[in-house]
file input.pdb (PDB, N, CA and C atoms and all ligand atoms)
ATOM      1  N   MET A 102       0.848  -1.177   0.000
ATOM      2  CA  MET A 102       0.000   0.000   0.000
ATOM      3  C   MET A 102       0.894   1.239   0.000
ATOM      4  N   PRO A 103       0.655   2.166  -0.947
ATOM      5  CA  PRO A 103       1.480   3.381  -1.009
ATOM      6  C   PRO A 103       1.203   4.270   0.199
ATOM      7  N   PRO A 104       2.202   5.093   0.571
ATOM      8  CA  PRO A 104       1.983   6.003   1.708
ATOM      9  C   PRO A 104       0.885   7.001   1.386
ATOM     10  N   LEU A 105       0.139   7.405   2.406
ATOM     11  CA  LEU A 105      -0.937   8.369   2.228
ATOM     12  C   LEU A 105      -0.371   9.770   2.111
ATOM     13  N   SER A 106      -0.971  10.590   1.247
ATOM     14  CA  SER A 106      -0.597  12.003   1.189
ATOM     15  C   SER A 106      -1.055  12.654   2.489
ATOM     16  N   PRO A 107      -0.484  13.816   2.846
ATOM     17  CA  PRO A 107      -0.916  14.478   4.092
ATOM     18  C   PRO A 107      -2.429  14.680   4.152
ATOM     19  N   LYS A 108      -3.046  15.082   3.018
ATOM     20  CA  LYS A 108      -4.490  15.311   3.019
ATOM     21  C   LYS A 108      -5.236  13.996   3.216
ATOM     22  N   SER A 109      -4.786  12.938   2.503
ATOM     23  CA  SER A 109      -5.433  11.640   2.651
ATOM     24  C   SER A 109      -5.252  11.101   4.054
ATOM     25  N   ALA A 110      -4.052  11.321   4.626
ATOM     26  CA  ALA A 110      -3.797  10.842   5.985
ATOM     27  C   ALA A 110      -4.751  11.502   6.970
ATOM     28  N   THR A 111      -4.998  12.811   6.785
ATOM     29  CA  THR A 111      -5.913  13.518   7.685
ATOM     30  C   THR A 111      -7.311  12.936   7.579
ATOM     31  N   HIS A 112      -7.769  12.718   6.342
ATOM     32  CA  HIS A 112      -9.101  12.137   6.159
ATOM     33  C   HIS A 112      -9.148  10.735   6.737
ATOM     34  N   HIS A 113      -8.079   9.983   6.537
ATOM     35  CA  HIS A 113      -8.038   8.619   7.069
ATOM     36  C   HIS A 113      -8.106   8.637   8.591
ATOM     37  N   GLN A 114      -7.313   9.513   9.220
ATOM     38  CA  GLN A 114      -7.320   9.573  10.682
ATOM     39  C   GLN A 114      -8.694   9.976  11.196
ATOM     40  N   ALA A 115      -9.347  10.908  10.528
ATOM     41  CA  ALA A 115     -10.682  11.327  10.950
ATOM     42  C   ALA A 115     -11.674  10.178  10.791
ATOM     43  N   ALA A 116     -11.555   9.445   9.697
ATOM     44  CA  ALA A 116     -12.459   8.320   9.470
ATOM     45  C   ALA A 116     -12.234   7.224  10.508
ATOM     46  N   VAL A 117     -10.963   6.960  10.823
ATOM     47  CA  VAL A 117     -10.663   5.940  11.833
ATOM     48  C   VAL A 117     -11.204   6.378  13.190
ATOM     49  N   ALA A 118     -10.971   7.649  13.538
ATOM     50  CA  ALA A 118     -11.448   8.155  14.829
ATOM     51  C   ALA A 118     -12.963   8.045  14.916
ATOM     52  N   GLN A 119     -13.647   8.383  13.805
ATOM     53  CA  GLN A 119     -15.101   8.315  13.812
ATOM     54  C   GLN A 119     -15.571   6.872  13.921
ATOM     55  N   ALA A 120     -14.901   5.960  13.206
ATOM     56  CA  ALA A 120     -15.291   4.561  13.238
ATOM     57  C   ALA A 120     -15.069   3.966  14.624
ATOM     58  N   GLU A 121     -14.044   4.476  15.334
ATOM     59  CA  GLU A 121     -13.729   3.931  16.646
ATOM     60  C   GLU A 121     -14.569   4.548  17.760
ATOM     61  N   CYS A 122     -15.326   5.590  17.462
ATOM     62  CA  CYS A 122     -16.117   6.255  18.491
ATOM     63  C   CYS A 122     -17.391   5.464  18.745
ATOM     64  N   ALA A 123     -17.507   4.984  19.958
ATOM     65  CA  ALA A 123     -18.710   4.230  20.316
ATOM     66  C   ALA A 123     -19.899   5.178  20.415
ATOM     67  N   VAL A 124     -21.055   4.682  20.074
ATOM     68  CA  VAL A 124     -22.287   5.443  20.230
ATOM     69  C   VAL A 124     -23.183   4.662  21.182
ATOM     70  N   PHE A 125     -23.501   5.294  22.297
ATOM     71  CA  PHE A 125     -24.317   4.647  23.317
ATOM     72  C   PHE A 125     -25.754   5.146  23.234
ATOM     73  N   ARG A 126     -26.613   4.459  23.950
ATOM     74  CA  ARG A 126     -28.024   4.822  24.006
ATOM     75  C   ARG A 126     -28.243   5.618  25.287
ATOM     76  N   ALA A 127     -28.816   6.785  25.159
ATOM     77  CA  ALA A 127     -29.118   7.597  26.331
ATOM     78  C   ALA A 127     -30.627   7.744  26.448
ATOM     79  N   ARG A 128     -31.092   7.811  27.686
ATOM     80  CA  ARG A 128     -32.512   8.023  27.948
ATOM     81  C   ARG A 128     -32.653   9.206  28.890
ATOM     82  N   LEU A 129     -33.516  10.115  28.505
ATOM     83  CA  LEU A 129     -33.746  11.315  29.298
ATOM     84  C   LEU A 129     -35.088  11.167  30.001
ATOM     85  N   GLU A 130     -35.041  11.144  31.334
ATOM     86  CA  GLU A 130     -36.246  11.050  32.152
ATOM     87  C   GLU A 130     -36.547  12.419  32.767
ATOM     88  N   PRO A 131     -37.752  12.754  33.114
ATOM     89  CA  PRO A 131     -38.952  11.925  33.055
ATOM     90  C   PRO A 131     -39.629  11.924  31.692
ATOM     91  N   ALA A 132     -39.012  12.608  30.707
ATOM     92  CA  ALA A 132     -39.640  12.681  29.388
ATOM     93  C   ALA A 132     -39.695  11.307  28.719
ATOM     94  N   GLY A 133     -38.776  10.408  29.127
ATOM     95  CA  GLY A 133     -38.757   9.083  28.523
ATOM     96  C   GLY A 133     -38.313   9.109  27.081
ATOM     97  N   ARG A 134     -37.404  10.044  26.744
ATOM     98  CA  ARG A 134     -36.933  10.174  25.363
ATOM     99  C   ARG A 134     -35.543   9.565  25.230
ATOM    100  N   ASN A 135     -35.354   8.804  24.179
ATOM    101  CA  ASN A 135     -34.067   8.170  23.900
ATOM    102  C   ASN A 135     -33.313   8.956  22.832
ATOM    103  N   PHE A 136     -31.995   8.940  22.936
ATOM    104  CA  PHE A 136     -31.178   9.551  21.890
ATOM    105  C   PHE A 136     -29.824   8.879  21.840
ATOM    106  N   ASP A 137     -29.167   9.002  20.698
ATOM    107  CA  ASP A 137     -27.820   8.460  20.528
ATOM    108  C   ASP A 137     -26.836   9.369  21.242
ATOM    109  N   ALA A 138     -25.888   8.749  21.952
ATOM    110  CA  ALA A 138     -24.899   9.518  22.712
ATOM    111  C   ALA A 138     -23.499   9.035  22.330
ATOM    112  N   PRO A 139     -22.882   9.676  21.330
ATOM    113  CA  PRO A 139     -21.508   9.306  20.967
ATOM    114  C   PRO A 139     -20.559   9.549  22.136
ATOM    115  N   ALA A 140     -19.567   8.689  22.258
ATOM    116  CA  ALA A 140     -18.633   8.767  23.387
ATOM    117  C   ALA A 140     -17.802  10.036  23.368
ATOM    118  N   ASN A 141     -17.752  10.719  22.230
ATOM    119  CA  ASN A 141     -16.919  11.931  22.141
ATOM    120  C   ASN A 141     -17.744  13.213  22.087
ATOM    121  N   LEU A 142     -19.025  13.120  22.444
ATOM    122  CA  LEU A 142     -19.895  14.294  22.380
ATOM    123  C   LEU A 142     -20.614  14.457  23.724
ATOM    124  N   PRO A 143     -20.562  15.651  24.329
ATOM    125  CA  PRO A 143     -21.268  15.839  25.596
ATOM    126  C   PRO A 143     -22.745  15.478  25.464
ATOM    127  N   LEU A 144     -23.288  14.934  26.542
ATOM    128  CA  LEU A 144     -24.685  14.498  26.527
ATOM    129  C   LEU A 144     -25.631  15.643  26.181
ATOM    130  N   LEU A 145     -25.321  16.843  26.646
ATOM    131  CA  LEU A 145     -26.172  18.001  26.331
ATOM    132  C   LEU A 145     -26.249  18.198  24.823
ATOM    133  N   GLN A 146     -25.110  18.167  24.160
ATOM    134  CA  GLN A 146     -25.092  18.368  22.712
ATOM    135  C   GLN A 146     -25.711  17.184  21.983
ATOM    136  N   ALA A 147     -25.517  15.986  22.506
ATOM    137  CA  ALA A 147     -26.112  14.801  21.869
ATOM    138  C   ALA A 147     -27.635  14.887  21.928
ATOM    139  N   ALA A 148     -28.159  15.337  23.078
ATOM    140  CA  ALA A 148     -29.609  15.479  23.218
ATOM    141  C   ALA A 148     -30.124  16.536  22.244
ATOM    142  N   GLU A 149     -29.410  17.651  22.166
ATOM    143  CA  GLU A 149     -29.841  18.719  21.263
ATOM    144  C   GLU A 149     -29.757  18.268  19.809
ATOM    145  N   ARG A 150     -28.730  17.490  19.487
ATOM    146  CA  ARG A 150     -28.596  16.985  18.122
ATOM    147  C   ARG A 150     -29.807  16.128  17.751
ATOM    148  N   ALA A 151     -30.371  15.464  18.769
ATOM    149  CA  ALA A 151     -31.557  14.624  18.545
ATOM    150  C   ALA A 151     -32.848  15.431  18.614
ATOM    151  N   GLY A 152     -32.725  16.751  18.772
ATOM    152  CA  GLY A 152     -33.905  17.601  18.804
ATOM    153  C   GLY A 152     -34.527  17.725  20.174
ATOM    154  N   LEU A 153     -33.835  17.234  21.210
ATOM    155  CA  LEU A 153     -34.359  17.304  22.572
ATOM    156  C   LEU A 153     -33.753  18.512  23.276
ATOM    157  N   MET A 154     -34.505  19.581  23.346
ATOM    158  CA  MET A 154     -34.020  20.816  23.968
ATOM    159  C   MET A 154     -34.581  20.894  25.385
ATOM    160  N   LEU A 155     -34.431  19.824  26.134
ATOM    161  CA  LEU A 155     -35.080  19.707  27.437
ATOM    162  C   LEU A 155     -34.157  19.972  28.606
ATOM    163  N   LEU A 156     -32.854  20.128  28.356
ATOM    164  CA  LEU A 156     -31.911  20.332  29.447
ATOM    165  C   LEU A 156     -31.540  21.808  29.545
ATOM    166  N   ALA A 157     -31.573  22.333  30.762
ATOM    167  CA  ALA A 157     -31.139  23.710  30.978
ATOM    168  C   ALA A 157     -29.638  23.794  30.750
ATOM    169  N   SER A 158     -29.165  24.961  30.350
ATOM    170  CA  SER A 158     -27.726  25.152  30.203
ATOM    171  C   SER A 158     -27.419  26.636  30.173
ATOM    172  N   SER A 159     -26.180  26.950  30.447
ATOM    173  CA  SER A 159     -25.731  28.338  30.356
ATOM    174  C   SER A 159     -24.286  28.361  29.876
ATOM    175  N   CYS A 160     -23.332  28.060  30.765
ATOM    176  CA  CYS A 160     -21.914  28.217  30.411
ATOM    177  C   CYS A 160     -21.437  27.175  29.399
ATOM    178  N   ARG A 161     -21.958  25.980  29.496
ATOM    179  CA  ARG A 161     -21.569  24.854  28.644
ATOM    180  C   ARG A 161     -20.090  24.491  28.782
ATOM    181  N   ASN A 162     -19.506  24.828  29.913
ATOM    182  CA  ASN A 162     -18.115  24.431  30.132
ATOM    183  C   ASN A 162     -17.878  23.822  31.513
ATOM    184  N   GLY A 163     -18.971  23.430  32.181
ATOM    185  CA  GLY A 163     -18.831  22.713  33.442
ATOM    186  C   GLY A 163     -18.634  23.567  34.664
ATOM    187  N   THR A 164     -18.962  24.856  34.600
ATOM    188  CA  THR A 164     -18.732  25.691  35.778
ATOM    189  C   THR A 164     -20.018  26.238  36.413
ATOM    190  N   CYS A 165     -21.057  26.540  35.653
ATOM    191  CA  CYS A 165     -22.222  27.234  36.219
ATOM    192  C   CYS A 165     -23.202  26.290  36.916
ATOM    193  N   ARG A 166     -23.189  25.039  36.592
ATOM    194  CA  ARG A 166     -24.023  23.998  37.200
ATOM    195  C   ARG A 166     -25.499  24.091  36.819
ATOM    196  N   SER A 167     -25.858  24.935  35.872
ATOM    197  CA  SER A 167     -27.279  25.047  35.529
ATOM    198  C   SER A 167     -27.807  23.790  34.843
ATOM    199  N   CYS A 168     -26.930  22.966  34.301
ATOM    200  CA  CYS A 168     -27.372  21.756  33.596
ATOM    201  C   CYS A 168     -27.363  20.519  34.496
ATOM    202  N   ILE A 169     -27.084  20.687  35.778
ATOM    203  CA  ILE A 169     -26.878  19.531  36.654
ATOM    204  C   ILE A 169     -28.038  18.531  36.551
ATOM    205  N   CYS A 170     -27.685  17.275  36.438
ATOM    206  CA  CYS A 170     -28.636  16.169  36.338
ATOM    207  C   CYS A 170     -28.159  15.044  37.244
ATOM    208  N   ARG A 171     -29.019  14.077  37.396
ATOM    209  CA  ARG A 171     -28.617  12.877  38.119
ATOM    210  C   ARG A 171     -28.472  11.739  37.113
ATOM    211  N   LEU A 172     -27.390  11.012  37.255
ATOM    212  CA  LEU A 172     -27.160   9.830  36.432
ATOM    213  C   LEU A 172     -27.842   8.650  37.112
ATOM    214  N   ALA A 173     -28.983   8.230  36.560
ATOM    215  CA  ALA A 173     -29.740   7.149  37.177
ATOM    216  C   ALA A 173     -29.091   5.804  36.913
ATOM    217  N   SER A 174     -28.451   5.670  35.761
ATOM    218  CA  SER A 174     -27.712   4.432  35.469
ATOM    219  C   SER A 174     -26.688   4.715  34.383
ATOM    220  N   GLY A 175     -25.645   3.907  34.363
ATOM    221  CA  GLY A 175     -24.603   4.043  33.363
ATOM    222  C   GLY A 175     -23.395   4.788  33.885
ATOM    223  N   GLN A 176     -22.475   5.092  32.973
ATOM    224  CA  GLN A 176     -21.230   5.758  33.322
ATOM    225  C   GLN A 176     -20.945   6.878  32.333
ATOM    226  N   VAL A 177     -20.265   7.911  32.827
ATOM    227  CA  VAL A 177     -19.858   9.017  31.970
ATOM    228  C   VAL A 177     -18.371   9.288  32.152
ATOM    229  N   THR A 178     -17.797   9.954  31.167
ATOM    230  CA  THR A 178     -16.449  10.495  31.288
ATOM    231  C   THR A 178     -16.562  12.000  31.061
ATOM    232  N   TYR A 179     -15.564  12.748  31.527
ATOM    233  CA  TYR A 179     -15.628  14.203  31.416
ATOM    234  C   TYR A 179     -14.597  14.739  30.444
ATOM    235  N   LEU A 180     -14.999  15.790  29.720
ATOM    236  CA  LEU A 180     -14.101  16.457  28.791
ATOM    237  C   LEU A 180     -13.085  17.306  29.526
ATOM    238  N   ILE A 181     -13.424  17.725  30.741
ATOM    239  CA  ILE A 181     -12.518  18.542  31.539
ATOM    240  C   ILE A 181     -12.107  17.743  32.759
ATOM    241  N   GLU A 182     -10.973  18.101  33.337
ATOM    242  CA  GLU A 182     -10.410  17.290  34.405
ATOM    243  C   GLU A 182     -11.283  17.274  35.647
ATOM    244  N   TRP A 183     -11.796  18.427  36.048
ATOM    245  CA  TRP A 183     -12.609  18.446  37.262
ATOM    246  C   TRP A 183     -13.802  19.361  37.052
ATOM    247  N   PRO A 184     -14.943  18.795  36.653
ATOM    248  CA  PRO A 184     -16.128  19.636  36.438
ATOM    249  C   PRO A 184     -16.594  20.232  37.760
ATOM    250  N   GLY A 185     -17.484  21.194  37.698
ATOM    251  CA  GLY A 185     -17.948  21.912  38.875
ATOM    252  C   GLY A 185     -18.852  21.102  39.772
ATOM    253  N   LEU A 186     -18.374  19.970  40.197
ATOM    254  CA  LEU A 186     -19.087  19.096  41.128
ATOM    255  C   LEU A 186     -18.126  18.692  42.231
ATOM    256  N   SER A 187     -18.662  18.581  43.447
ATOM    257  CA  SER A 187     -17.826  18.070  44.530
ATOM    258  C   SER A 187     -17.686  16.553  44.378
ATOM    259  N   ALA A 188     -16.705  16.014  45.061
ATOM    260  CA  ALA A 188     -16.533  14.556  45.043
ATOM    261  C   ALA A 188     -17.779  13.878  45.577
ATOM    262  N   GLU A 189     -18.405  14.491  46.583
ATOM    263  CA  GLU A 189     -19.628  13.916  47.171
ATOM    264  C   GLU A 189     -20.773  13.929  46.157
ATOM    265  N   GLU A 190     -20.874  15.028  45.404
ATOM    266  CA  GLU A 190     -21.934  15.100  44.394
ATOM    267  C   GLU A 190     -21.710  14.060  43.301
ATOM    268  N   LYS A 191     -20.463  13.922  42.878
ATOM    269  CA  LYS A 191     -20.172  12.901  41.866
ATOM    270  C   LYS A 191     -20.498  11.518  42.408
ATOM    271  N   GLN A 192     -20.127  11.288  43.655
ATOM    272  CA  GLN A 192     -20.400   9.989  44.282
ATOM    273  C   GLN A 192     -21.907   9.736  44.360
ATOM    274  N   ALA A 193     -22.674  10.813  44.571
ATOM    275  CA  ALA A 193     -24.130  10.692  44.680
ATOM    276  C   ALA A 193     -24.803  10.576  43.321
ATOM    277  N   GLY A 194     -24.040  10.674  42.232
ATOM    278  CA  GLY A 194     -24.601  10.454  40.913
ATOM    279  C   GLY A 194     -24.944  11.701  40.136
ATOM    280  N   PHE A 195     -24.515  12.861  40.642
ATOM    281  CA  PHE A 195     -24.776  14.083  39.888
ATOM    282  C   PHE A 195     -23.771  14.209  38.744
ATOM    283  N   ILE A 196     -24.242  14.706  37.626
ATOM    284  CA  ILE A 196     -23.368  14.934  36.473
ATOM    285  C   ILE A 196     -23.667  16.297  35.870
ATOM    286  N   LEU A 197     -22.734  16.786  35.082
ATOM    287  CA  LEU A 197     -22.929  18.017  34.310
ATOM    288  C   LEU A 197     -22.894  17.621  32.832
ATOM    289  N   PRO A 198     -24.070  17.445  32.224
ATOM    290  CA  PRO A 198     -24.123  16.919  30.862
ATOM    291  C   PRO A 198     -23.505  17.814  29.786
ATOM    292  N   CYS A 199     -23.201  19.061  30.112
ATOM    293  CA  CYS A 199     -22.540  19.907  29.106
ATOM    294  C   CYS A 199     -21.088  19.488  28.886
ATOM    295  N   VAL A 200     -20.511  18.752  29.849
ATOM    296  CA  VAL A 200     -19.123  18.302  29.719
ATOM    297  C   VAL A 200     -18.981  16.804  29.984
ATOM    298  N   ALA A 201     -20.106  16.112  30.178
ATOM    299  CA  ALA A 201     -20.073  14.668  30.433
ATOM    300  C   ALA A 201     -20.473  13.913  29.173
ATOM    301  N   CYS A 202     -19.661  12.949  28.817
ATOM    302  CA  CYS A 202     -19.947  12.105  27.649
ATOM    303  C   CYS A 202     -20.289  10.705  28.129
ATOM    304  N   ALA A 203     -21.169  10.055  27.417
ATOM    305  CA  ALA A 203     -21.543   8.687  27.778
ATOM    306  C   ALA A 203     -20.340   7.756  27.616
ATOM    307  N   ALA A 204     -20.166   6.881  28.605
ATOM    308  CA  ALA A 204     -19.157   5.829  28.523
ATOM    309  C   ALA A 204     -19.832   4.466  28.539
ATOM    310  N   SER A 205     -21.155   4.486  28.537
ATOM    311  CA  SER A 205     -21.983   3.285  28.460
ATOM    312  C   SER A 205     -23.385   3.783  28.119
ATOM    313  N   ASP A 206     -24.335   2.889  27.986
ATOM    314  CA  ASP A 206     -25.713   3.350  27.893
ATOM    315  C   ASP A 206     -26.035   4.058  29.202
ATOM    316  N   VAL A 207     -26.767   5.165  29.121
ATOM    317  CA  VAL A 207     -27.033   5.956  30.328
ATOM    318  C   VAL A 207     -28.510   6.333  30.415
ATOM    319  N   VAL A 208     -28.942   6.564  31.642
ATOM    320  CA  VAL A 208     -30.240   7.173  31.917
ATOM    321  C   VAL A 208     -29.964   8.380  32.781
ATOM    322  N   ILE A 209     -30.430   9.542  32.337
ATOM    323  CA  ILE A 209     -30.237  10.762  33.123
ATOM    324  C   ILE A 209     -31.579  11.396  33.413
ATOM    325  N   GLY A 210     -31.627  12.135  34.521
ATOM    326  CA  GLY A 210     -32.875  12.762  34.905
ATOM    327  C   GLY A 210     -32.636  13.976  35.750
ATOM    328  N   PRO A 211     -33.701  14.542  36.270
ATOM    329  CA  PRO A 211     -33.579  15.747  37.071
ATOM    330  C   PRO A 211     -32.767  15.476  38.345
ATOM    331  N   PRO A 212     -32.189  16.532  38.936
ATOM    332  CA  PRO A 212     -31.293  16.335  40.074
ATOM    333  C   PRO A 212     -32.006  16.028  41.388
ATOM    334  N   PHE A 213     -33.321  16.029  41.431
ATOM    335  CA  PHE A 213     -34.013  15.758  42.694
ATOM    336  C   PHE A 213     -34.359  14.291  42.801
TER     337      PHE A 213
HETATM  338  S1  LIG A 301     -24.147  24.536  31.350
HETATM  339 FE1  LIG A 301     -22.889  25.350  32.924
HETATM  340  S2  LIG A 301     -22.203  23.599  34.004
HETATM  341 FE2  LIG A 301     -23.351  22.789  32.350
END

call {"tool": "encode", "arguments": {"input": "input.pdb", "output": "structure tokens", "more": "lines below"}}
Ligand code: FES
result
Amino acid sequence: MPPLSPKSATHHQAAVAQAECAVFRARLEPAGRNFDAPANLPLLQAAERAGLMLLASSCRNGTCRSCICRLASGQVTYLIEWPGLSAEEKQAGFILPCVACAASDVVIGPPF
């Protein structure tokens, strides 16, 4: 196989990255709406991409906490090292979907 040109290599790397990105199933309660949640896209944006404009948001960078939700099931990873949640809140299942990406199928809901 001949070496890829720089442009082809870029397209190839993007295609490989996209092919390797898992897409999980997310469920938003209490609305009971399902949407695709790619592992590299914050849950807030994934929901909006699916037309679900049901989550509050403001800063979209993990600091204002207006999007806070509870993770009823599943796992998430964060785009930033330490989102605006205490260790206790994280332990209790609170997440910030503007910077949290699905790492499995997830169910999220209101923080109460
Ligand atoms: S929108 Fe500000 S923390 Fe999520």

call {"tool": "closest_atom_pairs", "arguments": {"input": "input.pdb", "of": "chain A", "to": "ligand LIG 301 (chain A)", "cutoff": "7 Å", "atoms": "only N, CA and C atoms and all ligand atoms", "output": "JSON lines"}}
result
{"residue": "A:Ala157", "atom": "C", "partner": "A:LIG301", "partner_atom": "S1", "distance": 5.6}
{"residue": "A:Ser158", "atom": "CA", "partner": "A:LIG301", "partner_atom": "S1", "distance": 3.8}
{"residue": "A:Ser159", "atom": "N", "partner": "A:LIG301", "partner_atom": "S1", "distance": 3.3}
{"residue": "A:Cys160", "atom": "N", "partner": "A:LIG301", "partner_atom": "FE1", "distance": 3.5}
{"residue": "A:Arg161", "atom": "N", "partner": "A:LIG301", "partner_atom": "S1", "distance": 3.2}
{"residue": "A:Asn162", "atom": "N", "partner": "A:LIG301", "partner_atom": "FE1", "distance": 4.6}
{"residue": "A:Gly163", "atom": "CA", "partner": "A:LIG301", "partner_atom": "S2", "distance": 3.5}
{"residue": "A:Thr164", "atom": "N", "partner": "A:LIG301", "partner_atom": "S2", "distance": 3.5}
{"residue": "A:Cys165", "atom": "N", "partner": "A:LIG301", "partner_atom": "FE1", "distance": 3.5}
{"residue": "A:Arg166", "atom": "N", "partner": "A:LIG301", "partner_atom": "S2", "distance": 3.1}
{"residue": "A:Ser167", "atom": "N", "partner": "A:LIG301", "partner_atom": "FE1", "distance": 4.2}
{"residue": "A:Cys168", "atom": "N", "partner": "A:LIG301", "partner_atom": "FE2", "distance": 4.1}
{"residue": "A:Ile169", "atom": "N", "partner": "A:LIG301", "partner_atom": "FE2", "distance": 5.5}
{"residue": "A:Gly185", "atom": "N", "partner": "A:LIG301", "partner_atom": "S2", "distance": 6.5}
{"residue": "A:Leu197", "atom": "CA", "partner": "A:LIG301", "partner_atom": "FE2", "distance": 5.2}
{"residue": "A:Pro198", "atom": "N", "partner": "A:LIG301", "partner_atom": "FE2", "distance": 5.4}
{"residue": "A:Cys199", "atom": "N", "partner": "A:LIG301", "partner_atom": "FE2", "distance": 4.4}
{"residue": "A:Val200", "atom": "N", "partner": "A:LIG301", "partner_atom": "FE2", "distance": 5.5}

call {"tool": "select_by_dssp", "arguments": {"input": "input.pdb", "residues": "chain A", "states": "helix (DSSP H, G or I)", "output": "list of chain:residue names"}}
result
A:Pro107, A:Lys108, A:Ser109, A:Ala110, A:Thr111, A:His112, A:His113, A:Gln114, A:Ala115, A:Ala116, A:Val117, A:Ala118, A:Gln119, A:Ala120, A:Glu121, A:Leu144, A:Leu145, A:Gln146, A:Ala147, A:Ala148, A:Glu149, A:Arg150, A:Ala188, A:Glu189, A:Glu190, A:Lys191, A:Gln192

call {"tool": "residues_around", "arguments": {"input": "input.pdb", "residues": "Phe136 of chain A", "least_positions_apart": "3", "cutoff": "10 Å", "atoms": "only C-alpha atoms", "output": "VMD selection string"}}
result
chain A and resid 124 to 129 139 144 147 to 153

call {"tool": "closest_residue", "arguments": {"input": "input.pdb", "among": "A:Gly210, A:Pro143, A:Pro184, A:Pro131", "to": "Arg171 of chain A", "atoms": "all atoms listed in the file"}}
result
A:Gly210

call {"tool": "atom_distance", "arguments": {"input": "input.pdb", "atom1": "atom CA of Glu130 of chain A", "atom2": "atom C of Ile209 of chain A"}}
result
4.8 Å

call {"tool": "decode", "arguments": {"input": "input.pdb", "residues": "segment 156-175 of chain A", "atoms": "N, CA and C atoms", "output": "compact mmCIF listing (two decimals), in the first residue's frame"}}
result
# COMPACT_ATOMS: atom_id res chain seq x y z
N LEU A 156 -32.85 20.13 28.36
CA LEU A 156 -31.91 20.33 29.45
C LEU A 156 -31.54 21.81 29.54
N ALA A 157 -31.57 22.33 30.76
CA ALA A 157 -31.14 23.71 30.98
C ALA A 157 -29.64 23.79 30.75
N SER A 158 -29.17 24.96 30.35
CA SER A 158 -27.73 25.15 30.20
C SER A 158 -27.42 26.64 30.17
N SER A 159 -26.18 26.95 30.45
CA SER A 159 -25.73 28.34 30.36
C SER A 159 -24.29 28.36 29.88
N CYS A 160 -23.33 28.06 30.77
CA CYS A 160 -21.91 28.22 30.41
C CYS A 160 -21.44 27.17 29.40
N ARG A 161 -21.96 25.98 29.50
CA ARG A 161 -21.57 24.85 28.64
C ARG A 161 -20.09 24.49 28.78
N ASN A 162 -19.51 24.83 29.91
CA ASN A 162 -18.11 24.43 30.13
C ASN A 162 -17.88 23.82 31.51
N GLY A 163 -18.97 23.43 32.18
CA GLY A 163 -18.83 22.71 33.44
C GLY A 163 -18.63 23.57 34.66
N THR A 164 -18.96 24.86 34.60
CA THR A 164 -18.73 25.69 35.78
C THR A 164 -20.02 26.24 36.41
N CYS A 165 -21.06 26.54 35.65
CA CYS A 165 -22.22 27.23 36.22
C CYS A 165 -23.20 26.29 36.92
N ARG A 166 -23.19 25.04 36.59
CA ARG A 166 -24.02 24.00 37.20
C ARG A 166 -25.50 24.09 36.82
N SER A 167 -25.86 24.93 35.87
CA SER A 167 -27.28 25.05 35.53
C SER A 167 -27.81 23.79 34.84
N CYS A 168 -26.93 22.97 34.30
CA CYS A 168 -27.37 21.76 33.60
C CYS A 168 -27.36 20.52 34.50
N ILE A 169 -27.08 20.69 35.78
CA ILE A 169 -26.88 19.53 36.65
C ILE A 169 -28.04 18.53 36.55
N CYS A 170 -27.68 17.28 36.44
CA CYS A 170 -28.64 16.17 36.34
C CYS A 170 -28.16 15.04 37.24
N ARG A 171 -29.02 14.08 37.40
CA ARG A 171 -28.62 12.88 38.12
C ARG A 171 -28.47 11.74 37.11
N LEU A 172 -27.39 11.01 37.25
CA LEU A 172 -27.16 9.83 36.43
C LEU A 172 -27.84 8.65 37.11
N ALA A 173 -28.98 8.23 36.56
CA ALA A 173 -29.74 7.15 37.18
C ALA A 173 -29.09 5.80 36.91
N SER A 174 -28.45 5.67 35.76
CA SER A 174 -27.71 4.43 35.47
C SER A 174 -26.69 4.72 34.38
N GLY A 175 -25.64 3.91 34.36
CA GLY A 175 -24.60 4.04 33.36
C GLY A 175 -23.39 4.79 33.89
